[in-house]
$ cat start33.cif   # mmCIF, C-alpha atoms and all ligand atoms
data_protein
loop_
_atom_site.label_atom_id
_atom_site.label_comp_id
_atom_site.auth_asym_id
_atom_site.auth_seq_id
_atom_site.Cartn_x
_atom_site.Cartn_y
_atom_site.Cartn_z
CA MET A 1 28.30 -17.19 6.33
CA LYS A 2 27.80 -15.99 2.75
CA THR A 3 28.54 -12.28 2.40
CA HIS A 4 27.97 -11.57 -1.30
CA TYR A 5 24.68 -11.84 -3.25
CA GLN A 6 23.74 -11.03 -6.80
CA VAL A 7 20.58 -9.24 -5.60
CA ILE A 8 19.78 -7.93 -2.14
CA VAL A 9 16.21 -6.80 -1.52
CA VAL A 10 15.49 -4.59 1.50
CA GLY A 11 11.98 -5.29 2.84
CA ALA A 12 9.83 -8.43 2.70
CA GLY A 13 6.54 -6.65 2.01
CA PRO A 14 4.57 -7.28 -1.20
CA SER A 15 6.95 -5.32 -3.46
CA GLY A 16 10.13 -6.90 -2.08
CA LEU A 17 8.83 -10.45 -2.25
CA ALA A 18 7.32 -9.86 -5.71
CA THR A 19 10.76 -8.72 -6.91
CA ALA A 20 12.47 -11.74 -5.37
CA LEU A 21 9.88 -14.24 -6.65
CA ASN A 22 9.95 -12.80 -10.17
CA LEU A 23 13.75 -12.91 -10.22
CA ARG A 24 13.65 -16.51 -9.10
CA GLN A 25 11.08 -17.38 -11.79
CA GLN A 26 13.43 -15.84 -14.35
CA GLY A 27 16.37 -17.96 -13.24
CA VAL A 28 18.14 -15.58 -10.83
CA ASP A 29 18.81 -17.65 -7.69
CA ASP A 30 21.37 -15.67 -5.72
CA ILE A 31 18.93 -13.43 -3.82
CA LEU A 32 18.82 -12.28 -0.21
CA VAL A 33 15.84 -10.47 1.33
CA LEU A 34 16.41 -8.40 4.47
CA GLU A 35 13.41 -7.72 6.73
CA LYS A 36 13.59 -5.65 9.88
CA LYS A 37 10.58 -7.35 11.49
CA THR A 38 9.62 -10.98 12.13
CA PHE A 39 6.66 -12.56 10.36
CA PRO A 40 3.73 -12.54 10.88
CA ARG A 41 4.11 -8.78 11.25
CA TYR A 42 1.49 -6.04 11.54
CA LYS A 43 0.96 -3.80 8.53
CA CYS A 44 -1.36 -0.80 8.59
CA CYS A 45 -3.83 -1.50 5.76
CA ALA A 46 -7.57 -1.26 5.16
CA GLY A 47 -7.42 -4.56 3.26
CA TYR A 48 -9.31 -3.62 0.08
CA ILE A 49 -8.12 -5.46 -2.96
CA THR A 50 -9.20 -5.11 -6.53
CA ASN A 51 -9.69 -7.86 -9.06
CA LYS A 52 -6.33 -7.03 -10.58
CA THR A 53 -4.62 -7.27 -7.20
CA LYS A 54 -6.22 -10.66 -6.63
CA THR A 55 -5.11 -11.87 -10.07
CA ALA A 56 -1.58 -10.57 -9.50
CA TYR A 57 -1.26 -12.54 -6.26
CA GLU A 58 -2.75 -15.65 -7.83
CA GLN A 59 -0.16 -15.53 -10.61
CA PHE A 60 2.41 -16.36 -7.93
CA GLY A 61 0.29 -19.37 -6.95
CA LEU A 62 -0.97 -17.76 -3.73
CA ASP A 63 -4.35 -18.91 -2.40
CA ILE A 64 -5.57 -15.52 -1.24
CA GLY A 65 -9.05 -16.89 -0.58
CA ALA A 66 -7.59 -18.45 2.57
CA CYS A 67 -6.76 -15.04 4.11
CA HIS A 68 -10.09 -14.06 5.75
CA TYR A 69 -11.32 -12.89 2.41
CA THR A 70 -14.78 -11.36 1.96
CA LEU A 71 -16.59 -10.18 -1.13
CA ILE A 72 -17.86 -6.65 -0.62
CA LYS A 73 -21.57 -6.39 -1.35
CA ASP A 74 -21.91 -2.63 -1.47
CA PHE A 75 -20.40 0.66 -0.32
CA ASN A 76 -22.39 3.18 1.68
CA ILE A 77 -21.26 6.71 0.91
CA PHE A 78 -21.53 9.42 3.59
CA TYR A 79 -20.91 13.14 3.46
CA GLN A 80 -20.38 14.84 6.81
CA LEU A 81 -21.82 11.70 8.46
CA ARG A 82 -25.06 11.82 6.46
CA GLY A 83 -25.73 8.81 4.22
CA VAL A 84 -25.96 9.99 0.61
CA GLN A 85 -25.84 6.89 -1.55
CA THR A 86 -25.40 3.14 -1.53
CA ILE A 87 -23.45 1.75 -4.44
CA PRO A 88 -24.41 -1.87 -4.95
CA ASN A 89 -22.02 -4.46 -6.20
CA ARG A 90 -23.62 -4.64 -9.63
CA PHE A 91 -21.99 -1.24 -10.24
CA LEU A 92 -18.70 -2.22 -8.71
CA TYR A 93 -15.85 -4.05 -10.28
CA THR A 94 -15.73 -7.00 -7.93
CA ASN A 95 -13.91 -5.83 -4.86
CA ARG A 96 -12.72 -7.72 -1.85
CA LYS A 97 -11.52 -7.24 1.66
CA ILE A 98 -8.77 -9.28 3.16
CA ASP A 99 -6.75 -9.71 6.34
CA ARG A 100 -3.49 -7.99 5.43
CA VAL A 101 -1.43 -9.63 8.18
CA GLU A 102 -2.45 -13.06 6.91
CA LEU A 103 -1.92 -12.03 3.30
CA ASP A 104 1.63 -10.79 3.88
CA HIS A 105 2.43 -13.81 6.03
CA SER A 106 1.16 -16.22 3.35
CA PHE A 107 3.21 -14.42 0.71
CA PHE A 108 6.26 -14.63 2.97
CA LEU A 109 5.75 -18.39 3.49
CA LEU A 110 5.35 -18.86 -0.26
CA ALA A 111 8.64 -17.06 -0.90
CA LYS A 112 10.41 -19.22 1.70
CA MET A 113 8.88 -22.34 0.16
CA ARG A 114 10.27 -21.29 -3.23
CA GLY A 115 13.72 -21.13 -1.69
CA ILE A 116 14.13 -17.35 -1.21
CA ALA A 117 16.54 -16.58 1.65
CA VAL A 118 15.00 -14.05 4.06
CA TRP A 119 16.88 -12.68 7.03
CA GLU A 120 14.26 -11.45 9.48
CA ASP A 121 14.98 -9.05 12.31
CA THR A 122 17.63 -7.51 10.05
CA TYR A 123 17.92 -3.92 8.88
CA ILE A 124 20.42 -1.67 7.16
CA GLU A 125 22.46 0.67 9.33
CA CYS A 126 24.64 2.09 6.59
CA HIS A 127 24.74 1.92 2.80
CA GLU A 128 27.96 2.48 0.86
CA PRO A 129 26.90 2.69 -2.82
CA ASP A 130 30.47 3.17 -4.08
CA LYS A 131 31.47 -0.19 -2.55
CA ASN A 132 28.12 -1.94 -3.35
CA GLN A 133 27.96 -2.74 0.32
CA VAL A 134 25.43 -2.55 3.18
CA LEU A 135 26.20 -2.68 6.87
CA LEU A 136 23.55 -4.46 8.89
CA ASN A 137 22.60 -4.62 12.54
CA GLN A 138 24.53 -7.25 14.51
CA GLU A 139 27.66 -5.91 12.76
CA ARG A 140 27.23 -7.92 9.58
CA THR A 141 28.27 -6.64 6.16
CA VAL A 142 27.01 -7.88 2.80
CA THR A 143 27.85 -6.86 -0.75
CA TYR A 144 25.67 -6.96 -3.87
CA GLU A 145 25.56 -6.54 -7.62
CA TYR A 146 22.03 -5.13 -7.43
CA LEU A 147 20.26 -3.61 -4.45
CA VAL A 148 16.47 -3.16 -4.35
CA PHE A 149 14.85 -0.89 -1.79
CA ALA A 150 11.37 -2.27 -1.05
CA ASP A 151 11.19 -0.83 2.45
CA GLY A 152 8.14 1.40 2.19
CA THR A 153 7.51 5.14 2.37
CA THR A 154 9.73 5.85 5.37
CA GLY A 155 12.36 3.10 5.15
CA PHE A 156 16.11 3.51 4.63
CA GLY A 157 15.62 4.00 0.87
CA SER A 158 13.40 7.05 1.44
CA ARG A 159 16.48 9.18 2.15
CA TYR A 160 17.33 8.98 -1.56
CA GLN A 161 13.87 10.08 -2.65
CA PRO A 162 13.19 13.74 -3.44
CA GLU A 163 9.39 13.73 -2.92
CA LYS A 164 8.45 14.33 0.68
CA ARG A 165 4.74 15.08 0.33
CA ARG A 166 2.71 12.19 1.73
CA ASN A 167 -0.75 10.99 2.63
CA ILE A 168 -1.21 10.04 6.22
CA ALA A 169 -3.42 7.04 6.94
CA MET A 170 -4.44 5.79 10.35
CA GLN A 171 -6.66 3.00 11.52
CA VAL A 172 -7.80 0.92 14.45
CA THR A 173 -9.33 -2.56 14.46
CA PHE A 174 -11.48 -3.89 17.30
CA PRO A 175 -14.24 -6.40 17.98
CA ALA A 176 -17.68 -4.79 17.66
CA ASP A 177 -21.15 -6.16 17.30
CA ARG A 178 -22.19 -4.29 14.14
CA ARG A 179 -23.89 -5.49 11.01
CA ASP A 180 -21.59 -6.32 8.10
CA ALA A 181 -21.24 -3.12 6.05
CA ILE A 182 -18.74 -0.68 4.59
CA GLY A 183 -19.06 3.07 4.90
CA ILE A 184 -16.85 5.56 3.06
CA HIS A 185 -17.06 8.99 4.71
CA PHE A 186 -16.18 12.25 3.00
CA GLY A 187 -16.03 15.60 4.74
CA ILE A 188 -14.19 14.23 7.79
CA THR A 189 -10.71 15.28 6.71
CA PRO A 190 -10.06 18.17 4.28
CA LYS A 191 -8.27 16.20 1.54
CA GLY A 192 -9.12 12.61 2.19
CA TYR A 193 -11.78 10.27 3.43
CA ALA A 194 -12.56 7.95 6.31
CA TRP A 195 -13.87 4.42 6.35
CA VAL A 196 -15.76 2.13 8.70
CA SER A 197 -15.99 -1.51 7.78
CA SER A 198 -17.46 -4.28 9.86
CA TYR A 199 -17.10 -7.91 8.95
CA GLN A 200 -17.75 -10.98 11.04
CA GLY A 201 -17.61 -9.14 14.36
CA ILE A 202 -14.48 -7.12 13.58
CA THR A 203 -14.69 -3.39 12.89
CA ASN A 204 -11.96 -1.40 11.17
CA VAL A 205 -12.11 2.39 11.31
CA GLY A 206 -9.59 4.50 9.43
CA LEU A 207 -9.00 7.82 7.79
CA THR A 208 -6.59 9.40 5.36
CA ASP A 209 -5.60 12.94 4.44
CA VAL A 210 -2.85 14.77 2.59
CA TYR A 211 -0.43 15.12 5.51
CA THR A 212 -0.34 18.60 7.01
CA PRO A 213 2.28 18.96 9.75
CA GLY A 214 0.78 20.37 12.95
CA ARG A 215 -2.73 19.02 12.34
CA ASP A 216 -3.87 16.91 15.31
CA TYR A 217 -4.95 13.77 13.44
CA ARG A 218 -5.43 11.82 16.64
CA ALA A 219 -8.04 14.35 17.76
CA VAL A 220 -9.73 14.25 14.33
CA PHE A 221 -9.84 10.46 14.62
CA ALA A 222 -11.20 10.49 18.18
CA ASN A 223 -13.88 12.99 17.16
CA PHE A 224 -14.90 10.79 14.21
CA LEU A 225 -15.25 7.77 16.50
CA ASP A 226 -17.30 9.80 19.00
CA ARG A 227 -19.67 10.98 16.32
CA LEU A 228 -20.13 7.39 15.18
CA GLU A 229 -20.78 6.46 18.82
CA LEU A 230 -17.99 3.91 18.68
CA SER A 231 -15.51 3.41 21.45
CA CYS A 232 -12.24 1.54 21.43
CA ASP A 233 -8.77 1.66 22.92
CA LEU A 234 -7.02 4.47 21.05
CA ARG A 235 -3.65 3.13 22.17
CA GLU A 236 -4.24 0.59 19.37
CA LEU A 237 -4.46 3.38 16.78
CA ARG A 238 -1.76 2.92 14.12
CA ALA A 239 -0.64 5.46 11.54
CA ALA A 240 1.52 5.24 8.44
CA PHE A 241 2.35 7.30 5.40
CA THR A 242 1.61 6.50 1.78
CA PRO A 243 3.37 8.26 -1.08
CA ILE A 244 2.02 11.06 -3.25
CA GLY A 245 3.61 10.62 -6.64
CA THR A 246 6.49 8.55 -7.90
CA GLY A 247 10.16 9.27 -7.21
CA LEU A 248 13.61 8.06 -8.25
CA PRO A 249 13.32 4.52 -9.75
CA VAL A 250 17.04 3.72 -10.19
CA MET A 251 20.23 5.14 -8.69
CA ASP A 252 23.77 4.44 -10.00
CA GLN A 253 22.37 1.87 -12.50
CA ASN A 254 22.21 -0.90 -9.87
CA VAL A 255 20.12 0.43 -6.97
CA PHE A 256 16.37 0.07 -7.59
CA PHE A 257 13.32 1.30 -5.68
CA VAL A 258 9.98 -0.57 -5.79
CA GLY A 259 6.51 -0.38 -4.21
CA ASP A 260 5.91 2.45 -1.76
CA ALA A 261 9.66 3.16 -1.78
CA VAL A 262 9.34 4.53 -5.33
CA GLY A 263 5.82 5.89 -4.81
CA ALA A 264 3.98 3.08 -6.62
CA CYS A 265 0.73 3.66 -4.77
CA ASP A 266 -2.37 5.45 -6.00
CA PRO A 267 -2.39 8.81 -4.15
CA LEU A 268 -6.17 9.20 -4.37
CA THR A 269 -7.31 5.83 -3.07
CA LEU A 270 -4.20 4.44 -1.28
CA SER A 271 -4.47 1.36 -3.43
CA GLY A 272 -0.87 0.17 -3.40
CA LEU A 273 -0.80 -3.61 -3.38
CA ARG A 274 -1.25 -4.10 -7.09
CA TYR A 275 1.36 -1.47 -7.95
CA SER A 276 3.76 -3.02 -5.46
CA LEU A 277 3.48 -6.39 -7.15
CA LYS A 278 3.71 -4.86 -10.62
CA SER A 279 6.74 -2.68 -9.83
CA GLY A 280 8.44 -5.75 -8.34
CA GLU A 281 7.80 -7.63 -11.58
CA LYS A 282 9.09 -4.80 -13.77
CA CYS A 283 12.16 -4.29 -11.59
CA ALA A 284 13.01 -8.01 -11.77
CA GLN A 285 12.76 -7.92 -15.58
CA SER A 286 15.10 -4.93 -15.75
CA ILE A 287 17.64 -6.55 -13.45
CA ARG A 288 17.61 -9.81 -15.35
CA THR A 289 18.05 -8.08 -18.71
CA GLY A 290 20.52 -5.53 -17.31
CA ASN A 291 18.29 -2.73 -18.62
CA PRO A 292 17.45 -0.14 -15.93
CA GLY A 293 16.02 2.19 -18.57
CA ARG A 294 13.08 -0.15 -19.01
CA TYR A 295 12.18 0.19 -15.34
CA ARG A 296 12.65 3.96 -15.43
CA ARG A 297 10.17 4.15 -18.31
CA TYR A 298 7.61 2.05 -16.42
CA ILE A 299 7.82 4.29 -13.35
CA ARG A 300 7.63 7.43 -15.52
CA THR A 301 4.37 6.18 -17.07
CA LEU A 302 3.00 5.32 -13.64
CA GLY A 303 4.03 8.78 -12.45
CA ILE A 304 1.95 10.43 -15.19
CA ARG A 305 -1.10 8.42 -14.16
CA PHE A 306 -0.62 9.31 -10.49
CA LYS A 307 -0.13 13.00 -11.36
CA MET A 308 -3.58 12.91 -12.96
CA MET A 309 -4.97 11.34 -9.79
CA THR A 310 -3.31 14.09 -7.73
CA VAL A 311 -4.91 16.78 -9.91
CA LEU A 312 -8.23 15.04 -9.44
CA GLN A 313 -7.60 14.87 -5.71
CA ARG A 314 -6.94 18.63 -5.56
CA LEU A 315 -10.10 19.39 -7.53
CA PHE A 316 -12.37 16.90 -5.82
CA TYR A 317 -11.60 18.01 -2.28
CA ARG A 318 -12.51 21.65 -2.90
CA LYS A 319 -15.49 22.42 -0.69
CA PRO A 320 -17.90 23.53 -3.47
CA ILE A 321 -17.09 20.41 -5.52
CA LEU A 322 -17.68 18.16 -2.52
CA TRP A 323 -20.94 19.92 -1.77
CA LEU A 324 -22.12 19.62 -5.38
CA THR A 325 -21.03 15.97 -5.65
CA PHE A 326 -22.84 14.81 -2.56
CA ASN A 327 -25.83 17.15 -2.43
CA VAL A 328 -26.64 17.34 -6.12
CA GLY A 329 -24.74 14.53 -7.86
CA CYS A 330 -25.71 11.72 -5.50
CA ARG A 331 -29.31 12.92 -5.33
CA TYR A 332 -30.01 13.48 -9.03
CA PHE A 333 -27.28 11.62 -10.92
CA SER A 334 -26.74 8.56 -8.79
CA GLY A 335 -25.88 6.31 -11.77
CA LEU A 336 -23.13 8.69 -12.85
CA MET A 337 -21.87 8.94 -9.28
CA ALA A 338 -21.73 5.17 -8.99
CA PHE A 339 -19.77 5.02 -12.23
CA ALA A 340 -17.31 7.72 -11.10
CA PHE A 341 -16.86 6.16 -7.66
CA ASN A 342 -16.28 2.82 -9.27
CA HIS A 343 -13.64 4.26 -11.57
CA PHE A 344 -11.70 6.39 -9.15
CA PHE A 345 -12.24 4.97 -5.68
CA VAL A 346 -12.95 1.31 -6.15
CA ASN A 347 -10.18 1.12 -8.72
CA LYS A 348 -10.98 -0.15 -12.10
CA LYS A 349 -7.24 -0.60 -12.25
C1 LIG B 1 -3.75 2.77 6.54
C2 LIG B 1 -3.40 2.25 5.16
C3 LIG B 1 -4.38 1.58 4.44
C4 LIG B 1 -4.08 1.02 3.20
N1 LIG B 1 -5.05 0.34 2.55
C5 LIG B 1 -4.78 -0.26 1.37
C6 LIG B 1 -5.77 -1.04 0.74
O1 LIG B 1 -6.86 -1.21 1.25
N2 LIG B 1 -5.46 -1.64 -0.45
C7 LIG B 1 -4.23 -1.49 -1.04
O2 LIG B 1 -4.01 -2.03 -2.13
N3 LIG B 1 -3.27 -0.75 -0.45
C8 LIG B 1 -3.51 -0.14 0.75
N4 LIG B 1 -2.54 0.60 1.36
C9 LIG B 1 -1.23 0.76 0.69
C10 LIG B 1 -0.39 -0.51 0.80
O3 LIG B 1 -0.42 -0.97 2.13
C11 LIG B 1 1.06 -0.22 0.38
O4 LIG B 1 1.06 0.42 -0.88
C12 LIG B 1 1.86 -1.50 0.31
O5 LIG B 1 1.97 -2.09 1.57
C13 LIG B 1 3.28 -1.23 -0.19
O6 LIG B 1 4.00 -2.43 -0.17
P1 LIG B 1 5.58 -2.38 -0.05
O7 LIG B 1 6.05 -3.79 -0.10
O8 LIG B 1 6.16 -1.41 -1.00
O9 LIG B 1 5.86 -1.75 1.40
P2 LIG B 1 5.45 -2.33 2.84
O10 LIG B 1 4.25 -3.16 2.78
O11 LIG B 1 5.47 -1.14 3.73
O12 LIG B 1 6.67 -3.29 3.21
C14 LIG B 1 7.93 -2.76 3.52
C15 LIG B 1 8.67 -3.80 4.34
O13 LIG B 1 9.98 -3.32 4.56
C16 LIG B 1 10.34 -3.52 5.92
N5 LIG B 1 11.36 -2.51 6.22
C17 LIG B 1 11.17 -1.20 6.44
N6 LIG B 1 12.37 -0.60 6.67
C18 LIG B 1 13.30 -1.58 6.59
C19 LIG B 1 14.72 -1.59 6.73
N7 LIG B 1 15.41 -0.48 6.99
N8 LIG B 1 15.38 -2.77 6.59
C20 LIG B 1 14.68 -3.92 6.33
N9 LIG B 1 13.33 -3.95 6.20
C21 LIG B 1 12.67 -2.80 6.30
C22 LIG B 1 9.03 -3.34 6.68
O14 LIG B 1 9.06 -3.99 7.93
C23 LIG B 1 8.04 -4.02 5.72
O15 LIG B 1 7.90 -5.39 5.97
C24 LIG B 1 -2.79 1.17 2.62
C25 LIG B 1 -1.80 1.86 3.33
C26 LIG B 1 -2.10 2.39 4.59
C27 LIG B 1 -1.00 3.11 5.34
#

$ encode --input "start33.cif" --output "structure tokens"
Amino acid sequence: MKTHYQVIVVGAGPSGLATALNLRQQGVDDILVLEKKTFPRYKCCAGYITNKTKTAYEQFGLDIGACHYTLIKDFNIFYQLRGVQTIPNRFLYTNRKIDRVELDHSFFLLAKMRGIAVWEDTYIECHEPDKNQVLLNQERTVTYEYLVFADGTTGFGSRYQPEKRRNIAMQVTFPADRRDAIGIHFGITPKGYAWVSSYQGITNVGLTDVYTPGRDYRAVFANFLDRLELSCDLRELRAAFTPIGTGLPVMDQNVFFVGDAVGACDPLTLSGLRYSLKSGEKCAQSIRTGNPGRYRRYIRTLGIRFKMMTVLQRLFYRKPILWLTFNVGCRYFSGLMAFAFNHFFVNKK
């Protein structure tokens, strides 16, 4: 069995496959992707995609319309469970909802079809950067010229990242006979929001917050469900972290970090798919041209943008600002509110 590859990518999520596919498009063929799970695999995600995310996937030739894809008609905004405003789609940059398991599986199949080698059920047990070598489960060892960590916020690569502050996000999906609608709820968690979306008989309830150790998020979630008069099996509740801010893009000139592994995810809205695809593209360009500085610069620019979002996050979730936004803003300046929501939450990005 082959034991040396020009590029090894750790993680077959959107950022890992985008890196591999871009490399392949640019003429780099000797690529191996390692994935600890087997596809189709579950991924905690609310499934909102922006126009730019859709376009980015389509540039790979992916038919994302086939992945239980629904156009969102409007968002209902709630503050402390009271409806404050409905933002119709004419205000929104066209936004969609998608089945993330199907999306990731389709992307995986596309990568396989394009000839990318993916070893599923495979994960790193030890990394020896000085030898350009990784030790895998089942006692296999492979060496590389370039290594790309695309293994998410808490994967193996996260041990090299300095930033440990994270958003927590949790969600549950269950069949429920509710009318098709999306509700975004503020005032449920101190520094985040919750969502309830029902489409075609399936309801997805989730919440996010800046992670505070010791806070009982499960209880917060159960309380939110109770107050919505929804019941479901909480054993199905899944939680994951998303990054707050970007981290180290390149280590030792030949070890790269992409997607959530480098913090390429909007800290305010959790919108990460587009940045995963983009960071994969930029990383592939830097590897092909042997210019890691180019990738560092891209991540630095992204970091500045996310810092601004973090400042906004800190300001927005102050109690008086929330109160003013929802009790005064939504009542008297609804057009402005729709514009701001569109820009910062629905992602004109
Ligand atoms: C609850 C929640 C809701 C979200 N909602 C949205 C949304 O609506 N829209 C949006 O755009 N973004 C959303 N995001 C963010 C988005 O899901 C992420 O930004 C995106 O998945 C990052 O892609 P990635 O490829 O970097 O990482 P991932 O998608 O996490 O993929 C990492 C891959 O690496 C594998 N892996 C992990 N460790 C190892 C290892 N040691 N060895 C080998 N493989 C490994 C994993 O199995 C996985 O397949 C949400 C996130 C959460 C948590």

$ residues_near_point --input "start33.cif" --point "(-0.3, 1.7, 13.9)" --cutoff "7 Å" --atoms "all atoms listed in the file" --output "PDB file with C-alpha atoms, in the coordinates of the input"
ATOM      1  CA  CYS A  44      -1.360  -0.800   8.590  1.00  0.00           C
ATOM      2  CA  MET A 170      -4.440   5.790  10.350  1.00  0.00           C
ATOM      3  CA  GLN A 171      -6.660   3.000  11.520  1.00  0.00           C
ATOM      4  CA  GLU A 236      -4.240   0.590  19.370  1.00  0.00           C
ATOM      5  CA  LEU A 237      -4.460   3.380  16.780  1.00  0.00           C
ATOM      6  CA  ARG A 238      -1.760   2.920  14.120  1.00  0.00           C
ATOM      7  CA  ALA A 239      -0.640   5.460  11.540  1.00  0.00           C
ATOM      8  CA  ALA A 240       1.520   5.240   8.440  1.00  0.00           C
TER       9      ALA A 240
END

$ residues_around --input "start33.cif" --residues "Pro162 (chain A)" --least-positions-apart "6" --cutoff "10 Å" --atoms "only C-alpha atoms" --output "PyMOL selection string"
chain A and resi 246-248

$ residues_near_ligand --input "start33.cif" --ligand "ligand LIG 1 (chain B)" --cutoff "6 Å" --atoms "only C-alpha atoms and all ligand atoms" --output "VMD selection string"
chain A and resid 10 to 16 34 to 37 44 to 49 122 to 124 150 to 152 155 to 156 169 to 171 240 to 242 259 to 261 265 270 to 273 276

$ write_last_selection --input "start33.cif" --atoms "C-alpha atoms" --output "PDB file, in the frame of the given file"
ATOM      1  CA  VAL A  10      15.490  -4.590   1.500  1.00  0.00           C
ATOM      2  CA  GLY A  11      11.980  -5.290   2.840  1.00  0.00           C
ATOM      3  CA  ALA A  12       9.830  -8.430   2.700  1.00  0.00           C
ATOM      4  CA  GLY A  13       6.540  -6.650   2.010  1.00  0.00           C
ATOM      5  CA  PRO A  14       4.570  -7.280  -1.200  1.00  0.00           C
ATOM      6  CA  SER A  15       6.950  -5.320  -3.460  1.00  0.00           C
ATOM      7  CA  GLY A  16      10.130  -6.900  -2.080  1.00  0.00           C
ATOM      8  CA  LEU A  34      16.410  -8.400   4.470  1.00  0.00           C
ATOM      9  CA  GLU A  35      13.410  -7.720   6.730  1.00  0.00           C
ATOM     10  CA  LYS A  36      13.590  -5.650   9.880  1.00  0.00           C
ATOM     11  CA  LYS A  37      10.580  -7.350  11.490  1.00  0.00           C
ATOM     12  CA  CYS A  44      -1.360  -0.800   8.590  1.00  0.00           C
ATOM     13  CA  CYS A  45      -3.830  -1.500   5.760  1.00  0.00           C
ATOM     14  CA  ALA A  46      -7.570  -1.260   5.160  1.00  0.00           C
ATOM     15  CA  GLY A  47      -7.420  -4.560   3.260  1.00  0.00           C
ATOM     16  CA  TYR A  48      -9.310  -3.620   0.080  1.00  0.00           C
ATOM     17  CA  ILE A  49      -8.120  -5.460  -2.960  1.00  0.00           C
ATOM     18  CA  THR A 122      17.630  -7.510  10.050  1.00  0.00           C
ATOM     19  CA  TYR A 123      17.920  -3.920   8.880  1.00  0.00           C
ATOM     20  CA  ILE A 124      20.420  -1.670   7.160  1.00  0.00           C
ATOM     21  CA  ALA A 150      11.370  -2.270  -1.050  1.00  0.00           C
ATOM     22  CA  ASP A 151      11.190  -0.830   2.450  1.00  0.00           C
ATOM     23  CA  GLY A 152       8.140   1.400   2.190  1.00  0.00           C
ATOM     24  CA  GLY A 155      12.360   3.100   5.150  1.00  0.00           C
ATOM     25  CA  PHE A 156      16.110   3.510   4.630  1.00  0.00           C
ATOM     26  CA  ALA A 169      -3.420   7.040   6.940  1.00  0.00           C
ATOM     27  CA  MET A 170      -4.440   5.790  10.350  1.00  0.00           C
ATOM     28  CA  GLN A 171      -6.660   3.000  11.520  1.00  0.00           C
ATOM     29  CA  ALA A 240       1.520   5.240   8.440  1.00  0.00           C
ATOM     30  CA  PHE A 241       2.350   7.300   5.400  1.00  0.00           C
ATOM     31  CA  THR A 242       1.610   6.500   1.780  1.00  0.00           C
ATOM     32  CA  GLY A 259       6.510  -0.380  -4.210  1.00  0.00           C
ATOM     33  CA  ASP A 260       5.910   2.450  -1.760  1.00  0.00           C
ATOM     34  CA  ALA A 261       9.660   3.160  -1.780  1.00  0.00           C
ATOM     35  CA  CYS A 265       0.730   3.660  -4.770  1.00  0.00           C
ATOM     36  CA  LEU A 270      -4.200   4.440  -1.280  1.00  0.00           C
ATOM     37  CA  SER A 271      -4.470   1.360  -3.430  1.00  0.00           C
ATOM     38  CA  GLY A 272      -0.870   0.170  -3.400  1.00  0.00           C
ATOM     39  CA  LEU A 273      -0.800  -3.610  -3.380  1.00  0.00           C
ATOM     40  CA  SER A 276       3.760  -3.020  -5.460  1.00  0.00           C
TER      41      SER A 276
END

$ closest_residue --input "start33.cif" --among "A:Asp177, A:Asp266, A:Glu120, A:Asp233" --to "Gln200 (chain A)" --atoms "all atoms listed in the file"
A:Asp177

$ atom_distance --input "start33.cif" --atom1 "CA of Thr55 (chain A)" --atom2 "CA of Ala111 (chain A)"
17.3 Å

$ closest_residue --input "start33.cif" --among "A:Lys112, A:His185, A:Arg82, A:Leu17" --to "Gly280 (chain A)" --atoms "only C-alpha atoms"
A:Leu17

$ closest_atom_pairs --input "start33.cif" --of "region 90-174 of chain A" --to "region 189-199 of chain A" --cutoff "12 Å" --atoms "all atoms listed in the file" --output "CSV"
residue,atom,partner,partner_atom,distance
A:Arg96,CA,A:Tyr199,CA,11.7
A:Lys97,CA,A:Tyr199,CA,9.2
A:Ile98,CA,A:Tyr199,CA,10.2
A:Asp99,CA,A:Tyr199,CA,10.8
A:Arg166,CA,A:Lys191,CA,11.7
A:Asn167,CA,A:Gly192,CA,8.5
A:Ile168,CA,A:Gly192,CA,9.2
A:Ala169,CA,A:Ala194,CA,9.2
A:Met170,CA,A:Ala194,CA,9.3
A:Gln171,CA,A:Trp195,CA,9.0
A:Val172,CA,A:Val196,CA,9.9
A:Thr173,CA,A:Ser197,CA,9.5
A:Phe174,CA,A:Ser198,CA,9.6

$ residues_around --input "start33.cif" --residues "region 313-327 of chain A" --least-positions-apart "2" --cutoff "10 Å" --atoms "all atoms listed in the file" --output "ChimeraX atom specification"
/A:77-80,82-85,186-187,189-193,210,267-269,307-311,329-334,337

$ atom_distance --input "start33.cif" --atom1 "CA of Thr208 (chain A)" --atom2 "CA of Arg165 (chain A)"
13.6 Å

$ closest_residue --input "start33.cif" --among "A:Val9, A:Ile31, A:Leu207, A:Leu302" --to "Ile244 (chain A)" --atoms "only C-alpha atoms"
A:Leu302

$ atom_distance --input "start33.cif" --atom1 "CA of Gly303 (chain A)" --atom2 "CA of Phe149 (chain A)"
18.0 Å

$ residues_near_point --input "start33.cif" --point "(2.8, -13.1, -2.7)" --cutoff "9 Å" --atoms "all atoms listed in the file" --output "ChimeraX atom specification"
/A:13-15,17-18,21,56-62,64,103-111,277

$ closest_residue --input "start33.cif" --among "A:Lys73, A:Arg296, A:Arg140, A:Arg305" --to "Phe344 (chain A)" --atoms "all atoms listed in the file"
A:Arg305

$ closest_residue --input "start33.cif" --among "A:Asn22, A:Val142, A:Phe306, A:Val346" --to "Asn51 (chain A)" --atoms "all atoms listed in the file"
A:Val346

$ closest_residue --input "start33.cif" --among "A:Gly27, A:Pro249, A:Pro213, A:Pro88" --to "Ala181 (chain A)" --atoms "all atoms listed in the file"
A:Pro88
